[in-house]
Amino acid sequence: MVVASPSPTHPEKVQFIDLPIIDLSAERSKVINLVIKACEEYGFFEVINHGVSHDIITRMEEQGLGFFAKPLGDKQKAGPATPFGYGCKNIGFNGDVGEVEYLMLGTNSLSIVERSYAISNDPKMFSSAVNGYIEAVTGLACEILKLMAEGLRVHDSSVFSKMIKDVDNDSIFRLNHYPPILCNNNNNNNKDPSFHANKVGFGEHTDPQILTILKSNDVGGLQVISQVDDEDHGVWIPVPSHPTAFCVNVGDVLQAMTNGRFMSVRHRAMVTNTSKSRMSMAYFGAPPLHTCLTPPIELVTPHKPLLYRPFTWDEYKKASHSLRLGDSRLHLFKAT
(Lines give C-alpha, C1' and ligand atoms only; values in the text may rest on other atoms or scores of the structure.)
Protein backbone atom coordinates (compact mmCIF):
# COMPACT_ATOMS: atom_id res chain seq x y z
CA MET A 1 0.00 0.00 0.00
CA VAL A 2 3.05 2.26 0.10
CA VAL A 3 5.84 2.75 -2.41
CA ALA A 4 9.46 3.40 -1.60
CA SER A 5 11.52 6.40 -2.60
CA PRO A 6 14.94 6.07 -4.19
CA SER A 7 18.10 5.74 -2.11
CA PRO A 8 19.07 9.17 -0.75
CA THR A 9 22.04 10.80 -2.46
CA HIS A 10 23.06 13.28 0.24
CA PRO A 11 24.79 12.52 3.56
CA GLU A 12 22.28 11.91 6.33
CA LYS A 13 22.35 12.35 10.07
CA VAL A 14 21.56 9.45 12.35
CA GLN A 15 20.68 10.31 15.93
CA PHE A 16 20.56 7.67 18.65
CA ILE A 17 17.90 8.62 21.17
CA ASP A 18 15.46 6.67 23.32
CA LEU A 19 12.08 6.41 21.63
CA PRO A 20 8.97 5.96 23.80
CA ILE A 21 8.32 2.45 25.13
CA ILE A 22 4.90 2.32 26.80
CA ASP A 23 3.82 -0.35 29.27
CA LEU A 24 0.15 -0.98 28.52
CA SER A 25 -0.31 -2.68 31.88
CA ALA A 26 0.39 0.57 33.76
CA GLU A 27 -2.32 2.82 35.21
CA ARG A 28 -4.68 3.81 32.38
CA SER A 29 -4.47 7.59 32.76
CA LYS A 30 -0.68 7.40 32.69
CA VAL A 31 -0.75 5.20 29.58
CA ILE A 32 -3.12 7.62 27.84
CA ASN A 33 -0.87 10.60 28.56
CA LEU A 34 2.19 8.78 27.27
CA VAL A 35 0.42 7.66 24.08
CA ILE A 36 -0.80 11.19 23.31
CA LYS A 37 2.66 12.66 23.94
CA ALA A 38 4.33 10.07 21.71
CA CYS A 39 1.86 10.62 18.87
CA GLU A 40 2.34 14.38 19.01
CA GLU A 41 6.13 14.32 19.26
CA TYR A 42 7.10 11.35 17.08
CA GLY A 43 4.03 9.70 15.58
CA PHE A 44 5.67 6.52 16.82
CA PHE A 45 6.10 4.46 19.98
CA GLU A 46 6.57 0.89 21.16
CA VAL A 47 4.29 -1.05 23.49
CA ILE A 48 5.08 -3.84 25.96
CA ASN A 49 2.74 -5.96 28.08
CA HIS A 50 0.35 -5.70 25.16
CA GLY A 51 -1.57 -8.94 25.68
CA VAL A 52 -0.54 -10.63 22.43
CA SER A 53 0.81 -14.03 23.44
CA HIS A 54 4.33 -15.18 22.64
CA ASP A 55 2.86 -18.31 21.04
CA ILE A 56 0.79 -16.32 18.54
CA ILE A 57 3.83 -14.24 17.56
CA THR A 58 6.16 -17.25 17.31
CA ARG A 59 3.73 -19.24 15.15
CA MET A 60 3.45 -16.33 12.72
CA GLU A 61 7.20 -15.80 12.59
CA GLU A 62 7.79 -19.49 11.87
CA GLN A 63 5.25 -19.51 9.05
CA GLY A 64 6.64 -16.32 7.55
CA LEU A 65 10.27 -17.40 7.65
CA GLY A 66 9.27 -20.80 6.30
CA PHE A 67 7.65 -19.15 3.29
CA PHE A 68 10.63 -16.92 2.51
CA ALA A 69 13.03 -19.88 2.81
CA LYS A 70 11.35 -21.52 -0.20
CA PRO A 71 12.89 -21.46 -3.69
CA LEU A 72 11.86 -18.41 -5.72
CA GLY A 73 9.67 -20.43 -8.04
CA ASP A 74 7.64 -21.78 -5.14
CA LYS A 75 7.19 -18.31 -3.65
CA GLN A 76 6.02 -16.94 -6.99
CA LYS A 77 3.15 -19.44 -6.91
CA ALA A 78 1.57 -17.10 -4.34
CA GLY A 79 0.93 -14.79 -7.27
CA PRO A 80 2.17 -11.29 -8.09
CA ALA A 81 1.34 -8.63 -5.50
CA THR A 82 -1.51 -6.93 -7.37
CA PRO A 83 -2.11 -6.03 -4.61
CA PHE A 84 -2.15 -9.38 -2.75
CA GLY A 85 0.54 -11.96 -3.33
CA TYR A 86 4.32 -12.23 -3.47
CA GLY A 87 6.65 -9.46 -4.59
CA CYS A 88 10.43 -9.10 -4.82
CA LYS A 89 12.37 -5.81 -5.02
CA ASN A 90 9.65 -4.05 -7.02
CA ILE A 91 7.49 -2.05 -4.62
CA GLY A 92 4.19 -0.44 -5.49
CA PHE A 93 3.08 0.74 -8.89
CA ASN A 94 5.55 3.44 -9.91
CA GLY A 95 8.94 1.86 -10.42
CA ASP A 96 10.28 1.95 -6.87
CA VAL A 97 12.60 -0.82 -5.72
CA GLY A 98 14.21 -2.00 -2.50
CA GLU A 99 16.25 -4.83 -1.03
CA VAL A 100 13.11 -6.62 0.07
CA GLU A 101 10.77 -9.47 -0.76
CA TYR A 102 7.29 -9.52 0.67
CA LEU A 103 3.97 -11.26 0.97
CA MET A 104 0.84 -9.10 1.01
CA LEU A 105 -2.48 -10.40 2.33
CA GLY A 106 -5.90 -9.03 3.06
CA THR A 107 -7.25 -9.52 6.56
CA ASN A 108 -10.46 -11.35 5.67
CA SER A 109 -10.20 -14.78 7.27
CA LEU A 110 -11.86 -16.68 4.41
CA SER A 111 -9.62 -14.99 1.86
CA ILE A 112 -6.55 -16.02 3.85
CA VAL A 113 -7.75 -19.64 4.01
CA GLU A 114 -8.19 -19.68 0.21
CA ARG A 115 -4.81 -18.06 -0.50
CA SER A 116 -2.97 -20.37 1.88
CA TYR A 117 -3.11 -23.24 -0.60
CA ALA A 118 -0.80 -21.34 -2.97
CA ILE A 119 1.47 -20.15 -0.15
CA SER A 120 2.11 -23.08 2.15
CA ASN A 121 2.64 -26.82 2.06
CA ASP A 122 0.45 -26.90 5.16
CA PRO A 123 -2.28 -24.38 4.31
CA LYS A 124 -4.33 -25.15 7.40
CA MET A 125 -1.43 -24.37 9.71
CA PHE A 126 -0.50 -21.23 7.75
CA SER A 127 -4.03 -19.80 7.69
CA SER A 128 -4.51 -20.61 11.37
CA ALA A 129 -1.30 -18.75 12.28
CA VAL A 130 -2.14 -15.73 10.11
CA ASN A 131 -5.77 -15.43 11.22
CA GLY A 132 -4.81 -15.85 14.87
CA TYR A 133 -2.14 -13.17 14.56
CA ILE A 134 -4.41 -10.73 12.71
CA GLU A 135 -7.16 -11.17 15.27
CA ALA A 136 -4.72 -10.45 18.11
CA VAL A 137 -3.08 -7.36 16.58
CA THR A 138 -6.44 -5.97 15.44
CA GLY A 139 -7.56 -6.16 19.05
CA LEU A 140 -4.36 -4.41 20.13
CA ALA A 141 -4.85 -1.70 17.52
CA CYS A 142 -8.43 -1.12 18.67
CA GLU A 143 -7.34 -0.76 22.28
CA ILE A 144 -4.62 1.74 21.34
CA LEU A 145 -7.06 3.74 19.21
CA LYS A 146 -9.49 3.89 22.15
CA LEU A 147 -6.69 5.20 24.39
CA MET A 148 -6.00 7.86 21.80
CA ALA A 149 -9.64 8.92 21.57
CA GLU A 150 -9.91 9.13 25.36
CA GLY A 151 -6.74 11.21 25.53
CA LEU A 152 -8.10 13.58 22.89
CA ARG A 153 -11.27 13.91 24.99
CA VAL A 154 -13.47 12.77 22.12
CA HIS A 155 -17.00 11.88 23.24
CA ASP A 156 -17.15 8.66 21.22
CA SER A 157 -14.09 6.66 22.31
CA SER A 158 -14.68 4.19 19.46
CA VAL A 159 -14.54 6.86 16.75
CA PHE A 160 -11.24 5.50 15.38
CA SER A 161 -11.37 1.84 16.38
CA LYS A 162 -14.81 1.16 14.92
CA MET A 163 -13.45 1.80 11.41
CA ILE A 164 -11.03 -1.13 11.56
CA LYS A 165 -13.60 -3.33 13.34
CA ASP A 166 -16.09 -2.73 10.53
CA VAL A 167 -16.69 -5.94 8.57
CA ASP A 168 -15.85 -4.04 5.36
CA ASN A 169 -12.55 -2.62 6.62
CA ASP A 170 -9.72 -2.40 4.09
CA SER A 171 -6.91 -3.42 6.45
CA ILE A 172 -3.95 -5.39 5.12
CA PHE A 173 -1.22 -7.64 6.51
CA ARG A 174 2.27 -7.60 5.07
CA LEU A 175 5.33 -9.77 5.70
CA ASN A 176 8.59 -8.09 4.65
CA HIS A 177 11.80 -10.09 4.38
CA TYR A 178 15.18 -8.37 4.06
CA PRO A 179 17.97 -10.81 3.11
CA PRO A 180 21.37 -10.01 4.63
CA ILE A 181 23.90 -8.01 2.65
CA LEU A 182 27.41 -9.01 3.60
CA CYS A 183 30.23 -6.52 3.80
CA ASN A 184 32.91 -6.61 1.10
CA ASN A 185 36.11 -7.06 3.09
CA ASN A 186 38.32 -5.87 0.23
CA ASN A 187 36.61 -2.48 0.15
CA ASN A 188 35.84 -1.91 3.80
CA ASN A 189 37.72 -4.39 6.01
CA ASN A 190 34.69 -4.34 8.35
CA LYS A 191 36.05 -1.18 10.02
CA ASP A 192 33.42 1.35 9.03
CA PRO A 193 30.14 0.75 10.92
CA SER A 194 28.28 3.01 8.49
CA PHE A 195 29.19 0.84 5.49
CA HIS A 196 26.03 -0.11 3.55
CA ALA A 197 24.12 2.56 5.50
CA ASN A 198 22.59 3.69 2.19
CA LYS A 199 21.24 0.24 1.29
CA VAL A 200 17.51 0.79 1.32
CA GLY A 201 15.35 -2.19 2.12
CA PHE A 202 12.09 -0.26 2.02
CA GLY A 203 12.37 3.44 1.29
CA GLU A 204 11.28 6.50 3.21
CA HIS A 205 7.51 6.85 3.47
CA THR A 206 4.50 7.44 5.63
CA ASP A 207 1.76 4.84 5.91
CA PRO A 208 -1.49 6.05 4.36
CA GLN A 209 -3.79 4.07 6.67
CA ILE A 210 -4.98 4.80 10.23
CA LEU A 211 -2.48 2.92 12.35
CA THR A 212 0.33 0.41 11.83
CA ILE A 213 1.24 -2.36 14.29
CA LEU A 214 4.62 -3.90 13.47
CA LYS A 215 6.67 -6.73 14.94
CA SER A 216 10.09 -7.77 13.70
CA ASN A 217 12.66 -10.37 14.62
CA ASP A 218 15.87 -9.55 16.48
CA VAL A 219 17.56 -7.83 13.53
CA GLY A 220 17.48 -4.03 13.44
CA GLY A 221 16.87 -1.84 10.41
CA LEU A 222 13.76 0.26 11.10
CA GLN A 223 14.39 4.01 11.32
CA VAL A 224 11.99 6.89 11.96
CA ILE A 225 12.60 10.52 11.14
CA SER A 226 12.69 12.90 14.06
CA GLN A 227 13.20 16.34 12.65
CA VAL A 228 14.66 18.32 9.78
CA ASP A 229 17.94 20.19 10.17
CA ASP A 230 18.81 23.59 8.69
CA GLU A 231 19.69 22.05 5.34
CA ASP A 232 16.45 20.07 5.13
CA HIS A 233 18.21 16.76 5.75
CA GLY A 234 16.29 14.22 7.74
CA VAL A 235 17.58 13.23 11.15
CA TRP A 236 16.99 9.50 11.42
CA ILE A 237 16.48 7.58 14.65
CA PRO A 238 17.27 3.84 14.54
CA VAL A 239 14.71 1.70 16.36
CA PRO A 240 16.55 -1.05 18.27
CA SER A 241 14.99 -4.48 18.02
CA HIS A 242 13.04 -5.37 21.17
CA PRO A 243 12.28 -9.00 22.06
CA THR A 244 8.66 -8.43 23.11
CA ALA A 245 7.58 -4.96 21.94
CA PHE A 246 5.31 -3.99 19.06
CA CYS A 247 6.05 -0.82 17.12
CA VAL A 248 3.08 1.49 16.62
CA ASN A 249 2.97 4.36 14.18
CA VAL A 250 0.43 6.96 13.19
CA GLY A 251 -0.77 6.85 9.59
CA ASP A 252 -1.94 9.65 7.29
CA VAL A 253 -5.63 9.03 7.95
CA LEU A 254 -5.13 9.41 11.71
CA GLN A 255 -3.19 12.64 11.20
CA ALA A 256 -6.13 13.99 9.20
CA MET A 257 -8.74 12.72 11.67
CA THR A 258 -6.93 14.32 14.62
CA ASN A 259 -6.87 17.57 12.63
CA GLY A 260 -3.09 17.52 12.51
CA ARG A 261 -2.54 16.97 16.22
CA PHE A 262 -0.91 13.58 15.64
CA MET A 263 1.97 13.21 13.20
CA SER A 264 2.12 10.56 10.50
CA VAL A 265 5.74 9.50 10.91
CA ARG A 266 8.14 9.09 8.01
CA HIS A 267 10.12 5.88 8.32
CA ARG A 268 12.19 3.41 6.34
CA ALA A 269 13.88 0.03 6.61
CA MET A 270 17.63 -0.18 6.05
CA VAL A 271 19.62 -3.32 5.29
CA THR A 272 22.95 -3.45 7.10
CA ASN A 273 25.98 -5.69 7.18
CA THR A 274 24.73 -8.76 9.00
CA SER A 275 24.68 -12.50 8.58
CA LYS A 276 21.01 -12.76 9.52
CA SER A 277 17.95 -11.70 7.58
CA ARG A 278 15.31 -9.39 9.01
CA MET A 279 11.59 -10.13 8.82
CA SER A 280 8.86 -7.75 9.86
CA MET A 281 5.13 -8.41 10.21
CA ALA A 282 3.02 -5.30 9.66
CA TYR A 283 -0.70 -4.86 10.21
CA PHE A 284 -2.10 -1.74 8.55
CA GLY A 285 -5.48 -0.79 9.99
CA ALA A 286 -7.67 0.89 7.37
CA PRO A 287 -11.33 1.94 7.17
CA PRO A 288 -13.90 0.72 4.64
CA LEU A 289 -13.39 2.26 1.21
CA HIS A 290 -16.35 4.61 1.29
CA THR A 291 -15.97 5.86 4.86
CA CYS A 292 -16.03 9.66 5.01
CA LEU A 293 -12.92 10.71 6.92
CA THR A 294 -13.09 13.94 8.89
CA PRO A 295 -12.13 14.87 12.47
CA PRO A 296 -14.59 14.58 15.38
CA ILE A 297 -16.23 17.92 16.11
CA GLU A 298 -14.29 18.23 19.39
CA LEU A 299 -11.02 18.57 17.44
CA VAL A 300 -12.13 21.45 15.21
CA THR A 301 -12.34 24.87 16.88
CA PRO A 302 -12.02 28.55 15.90
CA HIS A 303 -8.44 28.37 17.16
CA LYS A 304 -7.82 25.08 15.35
CA PRO A 305 -9.80 25.21 12.09
CA LEU A 306 -10.21 22.23 9.79
CA LEU A 307 -6.87 21.38 8.15
CA TYR A 308 -8.05 18.77 5.66
CA ARG A 309 -11.24 18.55 3.65
CA PRO A 310 -13.45 15.48 4.18
CA PHE A 311 -12.45 12.61 1.91
CA THR A 312 -13.09 8.88 1.58
CA TRP A 313 -10.49 6.19 2.08
CA ASP A 314 -11.08 5.18 -1.54
CA GLU A 315 -10.05 8.69 -2.67
CA TYR A 316 -6.96 8.69 -0.50
CA LYS A 317 -5.95 5.18 -1.48
CA LYS A 318 -6.11 6.07 -5.17
CA ALA A 319 -3.99 9.17 -4.54
CA SER A 320 -1.47 7.03 -2.67
CA HIS A 321 -1.23 4.57 -5.54
CA SER A 322 -0.62 7.37 -8.05
CA LEU A 323 2.43 8.72 -6.21
CA ARG A 324 5.83 7.54 -5.06
CA LEU A 325 6.42 7.19 -1.37
CA GLY A 326 8.73 10.18 -1.12
CA ASP A 327 5.84 12.36 -2.33
CA SER A 328 3.55 14.03 0.15
CA ARG A 329 -0.08 12.98 -0.07
CA LEU A 330 -1.98 14.78 2.66
CA HIS A 331 -1.30 18.21 1.19
CA LEU A 332 -3.55 17.22 -1.74
CA PHE A 333 -6.46 17.15 0.71
CA LYS A 334 -5.83 20.44 2.49
CA ALA A 335 -8.95 22.43 3.29
CA THR A 336 -9.31 25.56 1.17
# chains A, B, ... in the order shown; residues from 1 in each chain; ligands from 1
call {"tool": "select_by_dssp", "arguments": {"residues": "region 20-240 of chain A", "states": "strand (DSSP E)", "output": "PyMOL selection string"}}
result
chain A and resi 21-23+44-48+85-91+96-106+172-178+200-205+211-216+222-228+234-238
call {"tool": "closest_residue", "arguments": {"among": "A:Asn49, A:Ser157, A:Ser111, A:Asn249", "to": "Glu298 (chain A)", "atoms": "only C-alpha atoms"}}
result
A:Ser157
call {"tool": "residues_around", "arguments": {"residues": "region 238-240 of chain A", "least_positions_apart": "4", "cutoff": "7 Å", "atoms": "only C-alpha atoms", "output": "JSON, numbers by chain"}}
result
{"A": [16, 220, 222, 223, 224]}
call {"tool": "write_last_selection", "arguments": {"atoms": "all heavy atoms", "output": "PDB file, in the first residue's frame"}}
result
ATOM      1  N   PHE A  16      20.952   8.754  17.762  1.00  0.00           N
ATOM      2  CA  PHE A  16      20.559   7.669  18.646  1.00  0.00           C
ATOM      3  C   PHE A  16      19.928   8.254  19.904  1.00  0.00           C
ATOM      4  O   PHE A  16      20.620   8.822  20.754  1.00  0.00           O
ATOM      5  CB  PHE A  16      21.770   6.801  19.003  1.00  0.00           C
ATOM      6  CG  PHE A  16      22.312   6.031  17.832  1.00  0.00           C
ATOM      7  CD1 PHE A  16      23.258   6.593  16.990  1.00  0.00           C
ATOM      8  CD2 PHE A  16      21.855   4.751  17.556  1.00  0.00           C
ATOM      9  CE1 PHE A  16      23.741   5.891  15.903  1.00  0.00           C
ATOM     10  CE2 PHE A  16      22.333   4.032  16.472  1.00  0.00           C
ATOM     11  CZ  PHE A  16      23.283   4.613  15.641  1.00  0.00           C
ATOM     12  N   GLY A 220      17.882  -5.416  13.585  1.00  0.00           N
ATOM     13  CA  GLY A 220      17.477  -4.027  13.438  1.00  0.00           C
ATOM     14  C   GLY A 220      17.403  -3.601  11.982  1.00  0.00           C
ATOM     15  O   GLY A 220      17.747  -4.350  11.063  1.00  0.00           O
ATOM     16  N   LEU A 222      14.794  -0.773  11.146  1.00  0.00           N
ATOM     17  CA  LEU A 222      13.762   0.258  11.102  1.00  0.00           C
ATOM     18  C   LEU A 222      14.328   1.576  11.612  1.00  0.00           C
ATOM     19  O   LEU A 222      15.037   1.620  12.619  1.00  0.00           O
ATOM     20  CB  LEU A 222      12.569  -0.163  11.967  1.00  0.00           C
ATOM     21  CG  LEU A 222      11.419   0.854  12.088  1.00  0.00           C
ATOM     22  CD1 LEU A 222      10.765   1.107  10.729  1.00  0.00           C
ATOM     23  CD2 LEU A 222      10.385   0.365  13.097  1.00  0.00           C
ATOM     24  N   GLN A 223      14.015   2.667  10.901  1.00  0.00           N
ATOM     25  CA  GLN A 223      14.388   4.009  11.321  1.00  0.00           C
ATOM     26  C   GLN A 223      13.193   4.938  11.150  1.00  0.00           C
ATOM     27  O   GLN A 223      12.434   4.806  10.185  1.00  0.00           O
ATOM     28  CB  GLN A 223      15.565   4.542  10.492  1.00  0.00           C
ATOM     29  CG  GLN A 223      16.855   3.757  10.646  1.00  0.00           C
ATOM     30  CD  GLN A 223      17.988   4.325   9.816  1.00  0.00           C
ATOM     31  OE1 GLN A 223      17.796   5.195   8.972  1.00  0.00           O
ATOM     32  NE2 GLN A 223      19.202   3.829  10.048  1.00  0.00           N
ATOM     33  N   VAL A 224      13.033   5.872  12.077  1.00  0.00           N
ATOM     34  CA  VAL A 224      11.988   6.887  11.959  1.00  0.00           C
ATOM     35  C   VAL A 224      12.660   8.245  11.916  1.00  0.00           C
ATOM     36  O   VAL A 224      13.750   8.439  12.472  1.00  0.00           O
ATOM     37  CB  VAL A 224      10.975   6.817  13.125  1.00  0.00           C
ATOM     38  CG1 VAL A 224      10.274   5.475  13.145  1.00  0.00           C
ATOM     39  CG2 VAL A 224      11.646   7.089  14.464  1.00  0.00           C
TER      40      VAL A 224
END
call {"tool": "select_by_dssp", "arguments": {"residues": "region 25-252 of chain A", "states": "helix (DSSP H, G or I)", "output": "JSON, numbers by chain"}}
result
{"A": [28, 29, 30, 31, 32, 33, 34, 35, 36, 37, 38, 39, 40, 41, 54, 55, 56, 57, 58, 59, 60, 61, 62, 63, 64, 65, 66, 67, 68, 72, 73, 74, 75, 76, 109, 110, 111, 112, 113, 114, 115, 116, 117, 118, 119, 123, 124, 125, 126, 127, 128, 129, 130, 131, 132, 133, 134, 135, 136, 137, 138, 139, 140, 141, 142, 143, 144, 145, 146, 147, 148, 149, 150, 151, 161, 162, 163, 164, 165, 185, 186, 187, 188, 252]}
call {"tool": "atom_distance", "arguments": {"atom1": "CA of Lys37 (chain A)", "atom2": "CA of Val265 (chain A)"}}
result
13.8 Å
call {"tool": "atom_distance", "arguments": {"atom1": "CA of Glu114 (chain A)", "atom2": "CA of Ala129 (chain A)"}}
result
13.9 Å
call {"tool": "residues_around", "arguments": {"residues": "Ala319 (chain A)", "least_positions_apart": "4", "cutoff": "10 Å", "atoms": "only C-alpha atoms", "output": "PDB file with all heavy atoms, in the first residue's frame"}}
result
ATOM      1  N   PRO A 208      -0.268   5.297   4.638  1.00  0.00           N
ATOM      2  CA  PRO A 208      -1.487   6.055   4.365  1.00  0.00           C
ATOM      3  C   PRO A 208      -2.668   5.700   5.260  1.00  0.00           C
ATOM      4  O   PRO A 208      -3.622   6.473   5.354  1.00  0.00           O
ATOM      5  CB  PRO A 208      -1.798   5.709   2.902  1.00  0.00           C
ATOM      6  CG  PRO A 208      -1.152   4.383   2.685  1.00  0.00           C
ATOM      7  CD  PRO A 208       0.078   4.376   3.546  1.00  0.00           C
ATOM      8  N   TRP A 313     -11.708   6.995   2.150  1.00  0.00           N
ATOM      9  CA  TRP A 313     -10.495   6.186   2.077  1.00  0.00           C
ATOM     10  C   TRP A 313     -10.220   5.772   0.638  1.00  0.00           C
ATOM     11  O   TRP A 313      -9.065   5.691   0.212  1.00  0.00           O
ATOM     12  CB  TRP A 313     -10.632   4.962   2.980  1.00  0.00           C
ATOM     13  CG  TRP A 313      -9.555   3.944   2.810  1.00  0.00           C
ATOM     14  CD1 TRP A 313      -9.702   2.628   2.505  1.00  0.00           C
ATOM     15  CD2 TRP A 313      -8.135   4.149   2.933  1.00  0.00           C
ATOM     16  NE1 TRP A 313      -8.473   1.995   2.427  1.00  0.00           N
ATOM     17  CE2 TRP A 313      -7.494   2.908   2.689  1.00  0.00           C
ATOM     18  CE3 TRP A 313      -7.341   5.267   3.223  1.00  0.00           C
ATOM     19  CZ2 TRP A 313      -6.113   2.754   2.722  1.00  0.00           C
ATOM     20  CZ3 TRP A 313      -5.959   5.106   3.256  1.00  0.00           C
ATOM     21  CH2 TRP A 313      -5.369   3.872   3.010  1.00  0.00           C
ATOM     22  N   ASP A 314     -11.248   5.539  -0.143  1.00  0.00           N
ATOM     23  CA  ASP A 314     -11.075   5.185  -1.542  1.00  0.00           C
ATOM     24  C   ASP A 314     -10.344   6.295  -2.297  1.00  0.00           C
ATOM     25  O   ASP A 314      -9.429   6.033  -3.082  1.00  0.00           O
ATOM     26  CB  ASP A 314     -12.437   4.908  -2.177  1.00  0.00           C
ATOM     27  CG  ASP A 314     -12.311   4.379  -3.602  1.00  0.00           C
ATOM     28  OD1 ASP A 314     -11.542   3.420  -3.808  1.00  0.00           O
ATOM     29  OD2 ASP A 314     -12.975   4.918  -4.501  1.00  0.00           O
ATOM     30  N   GLU A 315     -10.732   7.554  -2.038  1.00  0.00           N
ATOM     31  CA  GLU A 315     -10.052   8.690  -2.670  1.00  0.00           C
ATOM     32  C   GLU A 315      -8.580   8.729  -2.276  1.00  0.00           C
ATOM     33  O   GLU A 315      -7.699   8.910  -3.120  1.00  0.00           O
ATOM     34  CB  GLU A 315     -10.698  10.006  -2.252  1.00  0.00           C
ATOM     35  CG  GLU A 315     -12.053  10.324  -2.834  1.00  0.00           C
ATOM     36  CD  GLU A 315     -12.552  11.668  -2.321  1.00  0.00           C
ATOM     37  OE1 GLU A 315     -12.176  12.691  -2.924  1.00  0.00           O
ATOM     38  OE2 GLU A 315     -13.279  11.697  -1.309  1.00  0.00           O
ATOM     39  N   LEU A 323       1.222   7.996  -6.574  1.00  0.00           N
ATOM     40  CA  LEU A 323       2.435   8.723  -6.210  1.00  0.00           C
ATOM     41  C   LEU A 323       3.513   7.775  -5.724  1.00  0.00           C
ATOM     42  O   LEU A 323       3.251   6.638  -5.341  1.00  0.00           O
ATOM     43  CB  LEU A 323       2.126   9.736  -5.098  1.00  0.00           C
ATOM     44  CG  LEU A 323       1.074  10.795  -5.418  1.00  0.00           C
ATOM     45  CD1 LEU A 323       0.694  11.544  -4.152  1.00  0.00           C
ATOM     46  CD2 LEU A 323       1.598  11.757  -6.473  1.00  0.00           C
ATOM     47  N   ARG A 324       4.741   8.271  -5.705  1.00  0.00           N
ATOM     48  CA  ARG A 324       5.826   7.541  -5.065  1.00  0.00           C
ATOM     49  C   ARG A 324       5.834   7.887  -3.590  1.00  0.00           C
ATOM     50  O   ARG A 324       5.284   8.914  -3.169  1.00  0.00           O
ATOM     51  CB  ARG A 324       7.155   7.889  -5.726  1.00  0.00           C
ATOM     52  CG  ARG A 324       7.170   7.556  -7.204  1.00  0.00           C
ATOM     53  CD  ARG A 324       8.495   7.839  -7.835  1.00  0.00           C
ATOM     54  NE  ARG A 324       9.500   6.863  -7.393  1.00  0.00           N
ATOM     55  CZ  ARG A 324      10.691   6.731  -7.987  1.00  0.00           C
ATOM     56  NH1 ARG A 324      10.995   7.487  -9.020  1.00  0.00           N
ATOM     57  NH2 ARG A 324      11.549   5.844  -7.541  1.00  0.00           N
ATOM     58  N   ARG A 329       1.274  13.261   0.401  1.00  0.00           N
ATOM     59  CA  ARG A 329      -0.084  12.977  -0.071  1.00  0.00           C
ATOM     60  C   ARG A 329      -1.115  13.866   0.606  1.00  0.00           C
ATOM     61  O   ARG A 329      -2.045  14.353  -0.027  1.00  0.00           O
ATOM     62  CB  ARG A 329      -0.428  11.505   0.179  1.00  0.00           C
ATOM     63  CG  ARG A 329       0.428  10.523  -0.558  1.00  0.00           C
ATOM     64  CD  ARG A 329       0.057   9.089  -0.231  1.00  0.00           C
ATOM     65  NE  ARG A 329       0.455   8.703   1.112  1.00  0.00           N
ATOM     66  CZ  ARG A 329       1.473   7.919   1.403  1.00  0.00           C
ATOM     67  NH1 ARG A 329       2.212   7.431   0.434  1.00  0.00           N
ATOM     68  NH2 ARG A 329       1.754   7.607   2.642  1.00  0.00           N
ATOM     69  N   LEU A 330      -0.949  14.062   1.913  1.00  0.00           N
ATOM     70  CA  LEU A 330      -1.976  14.780   2.660  1.00  0.00           C
ATOM     71  C   LEU A 330      -2.185  16.207   2.165  1.00  0.00           C
ATOM     72  O   LEU A 330      -3.294  16.742   2.270  1.00  0.00           O
ATOM     73  CB  LEU A 330      -1.639  14.794   4.152  1.00  0.00           C
ATOM     74  CG  LEU A 330      -2.186  13.645   4.995  1.00  0.00           C
ATOM     75  CD1 LEU A 330      -1.677  13.744   6.419  1.00  0.00           C
ATOM     76  CD2 LEU A 330      -3.721  13.615   4.977  1.00  0.00           C
ATOM     77  N   LEU A 332      -2.544  17.217  -0.669  1.00  0.00           N
ATOM     78  CA  LEU A 332      -3.548  17.220  -1.738  1.00  0.00           C
ATOM     79  C   LEU A 332      -4.960  17.367  -1.206  1.00  0.00           C
ATOM     80  O   LEU A 332      -5.884  17.688  -1.957  1.00  0.00           O
ATOM     81  CB  LEU A 332      -3.432  15.937  -2.562  1.00  0.00           C
ATOM     82  CG  LEU A 332      -2.099  15.664  -3.255  1.00  0.00           C
ATOM     83  CD1 LEU A 332      -2.111  14.285  -3.878  1.00  0.00           C
ATOM     84  CD2 LEU A 332      -1.821  16.734  -4.292  1.00  0.00           C
ATOM     85  N   PHE A 333      -5.130  17.134   0.096  1.00  0.00           N
ATOM     86  CA  PHE A 333      -6.464  17.150   0.715  1.00  0.00           C
ATOM     87  C   PHE A 333      -6.606  18.293   1.719  1.00  0.00           C
ATOM     88  O   PHE A 333      -7.490  18.267   2.560  1.00  0.00           O
ATOM     89  CB  PHE A 333      -6.729  15.808   1.378  1.00  0.00           C
ATOM     90  CG  PHE A 333      -6.783  14.661   0.415  1.00  0.00           C
ATOM     91  CD1 PHE A 333      -5.615  14.031  -0.006  1.00  0.00           C
ATOM     92  CD2 PHE A 333      -7.986  14.241  -0.128  1.00  0.00           C
ATOM     93  CE1 PHE A 333      -5.655  12.991  -0.926  1.00  0.00           C
ATOM     94  CE2 PHE A 333      -8.035  13.201  -1.038  1.00  0.00           C
ATOM     95  CZ  PHE A 333      -6.862  12.565  -1.449  1.00  0.00           C
TER      96      PHE A 333
END
call {"tool": "closest_residue", "arguments": {"among": "A:His321, A:Arg309, A:Lys30, A:Lys75", "to": "Glu150 (chain A)", "atoms": "only C-alpha atoms"}}
result
A:Lys30
call {"tool": "closest_residue", "arguments": {"among": "A:Ala38, A:Val200, A:Met281, A:Leu175", "to": "Asp18 (chain A)", "atoms": "only C-alpha atoms"}}
result
A:Ala38
call {"tool": "closest_residue", "arguments": {"among": "A:Ser109, A:Thr82, A:Ser226, A:Asn33", "to": "Ser171 (chain A)", "atoms": "only C-alpha atoms"}}
result
A:Ser109
call {"tool": "residues_around", "arguments": {"residues": "Tyr86 (chain A)", "least_positions_apart": "3", "cutoff": "6 Å", "atoms": "only C-alpha atoms", "output": "list in words"}}
result
Ala78, Gly79, Pro80, Ala81, Tyr102 and Leu103 of chain A
call {"tool": "closest_atom_pairs", "arguments": {"of": "region 34-117 of chain A", "to": "region 141-145 of chain A", "cutoff": "10 Å", "atoms": "only C-alpha atoms", "output": "Markdown table"}}
result
| residue | atom | partner | partner_atom | distance |
| --- | --- | --- | --- | --- |
| A:Val35 | CA | A:Ile144 | CA | 8.3 |
| A:Val47 | CA | A:Ile144 | CA | 9.6 |
| A:His50 | CA | A:Glu143 | CA | 9.6 |
call {"tool": "atom_distance", "arguments": {"atom1": "CA of Pro310 (chain A)", "atom2": "CA of Ala335 (chain A)"}}
result
8.3 Å
call {"tool": "closest_residue", "arguments": {"among": "A:Val97, A:Leu306, A:Leu325, A:Ile32", "to": "Leu152 (chain A)", "atoms": "only C-alpha atoms"}}
result
A:Ile32
